[in-house]
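Raw contents of entry-v2.csv, CSV, C-alpha atoms and all ligand atoms:
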chain,number,residue,atom,x,y,z
A,9,MET,CA,0.0,0.0,0.0
A,10,VAL,CA,1.1,3.5,-0.8
A,11,ASP,CA,1.4,5.7,2.2
A,12,LYS,CA,-1.5,8.1,2.5
A,13,ILE,CA,0.6,11.2,1.8
A,14,ASN,CA,-1.0,14.5,2.7
A,15,ASP,CA,-4.1,12.7,4.1
A,16,ILE,CA,-4.2,15.2,7.0
A,17,GLU,CA,-7.4,17.0,8.1
A,18,LEU,CA,-6.5,20.6,8.4
A,19,THR,CA,-10.0,21.8,9.4
A,20,GLU,CA,-13.4,20.1,9.4
A,21,TYR,CA,-13.8,21.4,5.9
A,22,PHE,CA,-10.4,20.7,4.2
A,23,SER,CA,-7.6,18.1,4.1
A,24,LEU,CA,-4.1,18.8,2.9
A,25,TYR,CA,-4.2,16.4,-0.1
A,26,GLU,CA,-7.0,18.6,-1.7
A,27,PHE,CA,-4.3,21.3,-2.3
A,28,GLU,CA,-1.5,19.1,-3.5
A,29,CYS,CA,0.0,19.0,-7.0
A,30,PRO,CA,-1.7,16.2,-8.9
A,31,CYS,CA,1.5,15.1,-10.6
A,32,CYS,CA,4.0,14.9,-7.7
A,33,LYS,CA,1.9,15.4,-4.5
A,34,ARG,CA,4.1,18.3,-3.4
A,35,VAL,CA,2.1,21.1,-1.7
A,36,MET,CA,2.5,24.6,-0.5
A,37,LEU,CA,-0.5,26.4,1.1
A,38,SER,CA,-0.7,30.1,2.2
A,39,SER,CA,-2.2,30.4,5.6
A,40,ASP,CA,-3.9,33.7,4.6
A,41,LEU,CA,-5.5,32.0,1.7
A,42,PHE,CA,-6.5,29.0,3.7
A,43,THR,CA,-8.1,31.2,6.4
A,44,ARG,CA,-10.2,33.0,3.9
A,45,LEU,CA,-11.2,29.8,2.1
A,46,ASN,CA,-12.5,28.5,5.4
A,47,HIS,CA,-14.5,31.8,5.9
A,48,LEU,CA,-15.9,31.3,2.4
A,49,ARG,CA,-16.8,27.7,3.3
A,50,MET,CA,-18.7,28.9,6.4
A,51,ALA,CA,-20.5,31.7,4.5
A,52,ILE,CA,-21.8,29.4,1.8
A,53,ASN,CA,-22.4,26.4,4.0
A,54,ARG,CA,-21.7,23.9,1.2
A,55,PRO,CA,-18.6,21.8,0.3
A,56,ILE,CA,-16.0,23.6,-1.8
A,57,TYR,CA,-14.2,21.5,-4.4
A,58,ILE,CA,-10.6,22.4,-5.1
A,59,ASN,CA,-10.0,22.1,-8.9
A,60,SER,CA,-6.4,23.2,-8.6
A,61,GLY,CA,-4.3,24.2,-5.6
A,62,TYR,CA,-0.5,24.1,-5.5
A,63,ARG,CA,1.2,23.4,-8.9
A,64,CYS,CA,4.8,22.5,-9.4
A,65,PRO,CA,6.4,24.2,-12.4
A,66,GLU,CA,5.9,21.1,-14.6
A,67,GLU,CA,2.2,20.9,-13.7
A,68,ASN,CA,1.8,24.6,-14.3
A,69,LYS,CA,3.2,24.2,-17.8
A,70,ARG,CA,1.0,21.2,-18.5
A,71,VAL,CA,-2.2,23.0,-17.6
A,72,GLY,CA,-1.2,26.2,-19.5
A,73,GLY,CA,-0.7,28.4,-16.4
A,74,VAL,CA,1.1,31.7,-16.8
A,75,ALA,CA,4.8,31.8,-15.7
A,76,GLY,CA,4.1,33.9,-12.6
A,77,SER,CA,1.0,32.0,-11.5
A,78,TYR,CA,0.3,32.2,-7.8
A,79,HIS,CA,-0.5,28.5,-7.9
A,80,LEU,CA,3.3,28.0,-8.0
A,81,LEU,CA,3.6,29.6,-4.6
A,82,GLY,CA,0.6,28.0,-2.9
A,83,MET,CA,-1.1,31.3,-2.9
A,84,ALA,CA,-4.0,30.4,-5.3
A,85,VAL,CA,-6.9,28.0,-5.6
A,86,ASP,CA,-9.4,27.3,-8.3
A,87,ILE,CA,-12.7,26.2,-6.8
A,88,HIS,CA,-16.3,25.2,-7.7
A,89,VAL,CA,-19.3,24.4,-5.6
A,90,LYS,CA,-22.1,22.1,-6.6
A,91,ASP,CA,-25.7,23.4,-6.8
A,92,LEU,CA,-24.6,27.0,-6.4
A,93,LEU,CA,-24.4,29.4,-9.3
A,94,LEU,CA,-20.9,30.6,-10.0
A,95,TYR,CA,-22.1,34.1,-9.9
A,96,ASP,CA,-23.5,33.6,-6.4
A,97,LEU,CA,-20.2,32.0,-5.3
A,98,LEU,CA,-18.5,35.1,-6.7
A,99,THR,CA,-20.7,37.4,-4.6
A,100,PHE,CA,-19.8,35.5,-1.5
A,101,ALA,CA,-16.1,35.5,-2.4
A,102,GLN,CA,-16.1,39.3,-3.0
A,103,GLU,CA,-17.3,39.8,0.6
A,104,ILE,CA,-14.1,38.1,1.8
A,105,ASP,CA,-10.7,39.7,1.6
A,106,PHE,CA,-9.1,37.8,-1.3
A,107,ASN,CA,-6.6,39.8,-3.3
A,108,GLY,CA,-7.2,38.2,-6.7
A,109,ILE,CA,-10.4,36.9,-8.0
A,110,GLY,CA,-10.8,35.4,-11.5
A,111,PHE,CA,-14.3,34.5,-12.8
A,112,TYR,CA,-14.2,31.7,-15.3
A,113,GLU,CA,-17.9,31.4,-16.2
A,114,LYS,CA,-17.5,29.0,-19.2
A,115,LYS,CA,-15.1,26.6,-17.4
A,116,GLY,CA,-17.3,26.9,-14.2
A,117,PHE,CA,-14.7,27.8,-11.6
A,118,LEU,CA,-13.5,30.7,-9.5
A,119,HIS,CA,-9.8,31.5,-9.1
A,120,LEU,CA,-8.9,33.0,-5.7
A,121,ASP,CA,-5.4,34.2,-4.7
A,122,MET,CA,-3.5,36.2,-2.1
A,123,ARG,CA,-1.2,38.2,-4.4
A,124,PRO,CA,0.5,41.2,-2.8
A,125,GLY,CA,-0.4,44.7,-3.8
A,126,PRO,CA,-3.7,46.0,-5.2
A,127,LYS,CA,-6.7,43.8,-5.6
A,128,HIS,CA,-7.4,42.3,-9.0
A,129,PHE,CA,-10.6,41.0,-10.5
A,130,TRP,CA,-11.0,39.7,-13.9
A,131,LYS,CA,-13.6,37.8,-16.0
A,132,GLY,CA,-13.3,35.4,-18.8
A,133,LYS,CA,-10.2,34.1,-20.5
A,134,GLU,CA,-8.0,37.1,-21.1
A,135,LEU,CA,-5.8,36.0,-18.2
A,136,ILE,CA,-6.5,32.3,-18.4
A,137,GLY,CA,-4.4,30.0,-16.3
A,138,TYR,CA,-3.7,32.4,-13.6
A,201,ZN,ZN,3.8,18.3,-9.6
A,202,ZN,ZN,-6.2,29.7,-10.8

What is this file in structure tokens?
Amino acid sequence: MVDKINDIELTEYFSLYEFECPCCKRVMLSSDLFTRLNHLRMAINRPIYINSGYRCPEENKRVGGVAGSYHLLGMAVDIHVKDLLLYDLLTFAQEIDFNGIGFYEKKGFLHLDMRPGPKHFWKGKELIGY
């Protein structure tokens, strides 16, 4: 049996493996991002699915992420929630202090990050892969 790497419950809502890189299981996770994600989880009162958390450089290339992606630093997540309109999820996320929010309506996910500096919000695919 393979060791259950990253099978660690961080809070009642999230385990570490949900944030790991799918190719190598390495993981970095910003505590500021994680705190806010838990606040979002409590606000919507539904499970949050992590489409993409930490990415190693190889994985970031594979998925077409930009070179400076905050996923490489453990400071970004892409998420979706079942039975909740993406637009409603966006409204909840905007009430919480994320620094970057990307709204990917066609792909059905929200990108959230904790970049330094001014807040960023974008829609659609002009900055795809962030
Ligand atoms: Zn990897
Ligand atoms: Zn992203």

At a cut-off of 12 Å from (2.0, 23.3, -15.2) in the coordinates of the file, what residues are picked up using all atoms listed in the file, written as a VMD selection string?
-> chain A and resid 29 to 32 60 to 80 137 to 138

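The nearest approach to Thr19 of chain A among the residues A:Val89, A:Leu118, A:Met50, A:Ala84, with only C-alpha atoms taken into account, belongs to A:Met50.
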
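With all atoms listed in the file as the basis for measurement, A:Arg123 is the residue among A:Asp91, A:Glu26, A:Leu18, A:Arg123 that approaches Phe106 of chain A most closely.
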
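Closest approach to ligand ZN 202 (chain A) among A:Leu24, A:Leu97, A:Ile104, A:Val85 is made by A:Val85 (distances from only C-alpha atoms and all ligand atoms).
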
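Comparing A:Glu28, A:Leu94, A:Ile13, A:Glu20 by their smallest distance to ligand ZN 201 (chain A), the closest is A:Glu28 (using all atoms listed in the file).
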
Interatomic distance between atom CA of Gly125 of chain A and atom CA of Ser23 of chain A?
-> 28.7 Å

Could you jot down the atom CA of Lys90 of chain A to atom CA of Glu113 of chain A separation for me, Å, one decimal place?
-> 14.0 Å

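Nearest to Leu48 of chain A of all the residues A:Asp121, A:Asp86, A:Asp105, A:Asp11 is A:Asp105, counting all atoms listed in the file.
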
Taken to one decimal, the atom CA of Asn59 of chain A-atom CA of Tyr25 of chain A distance is 12.0 Å
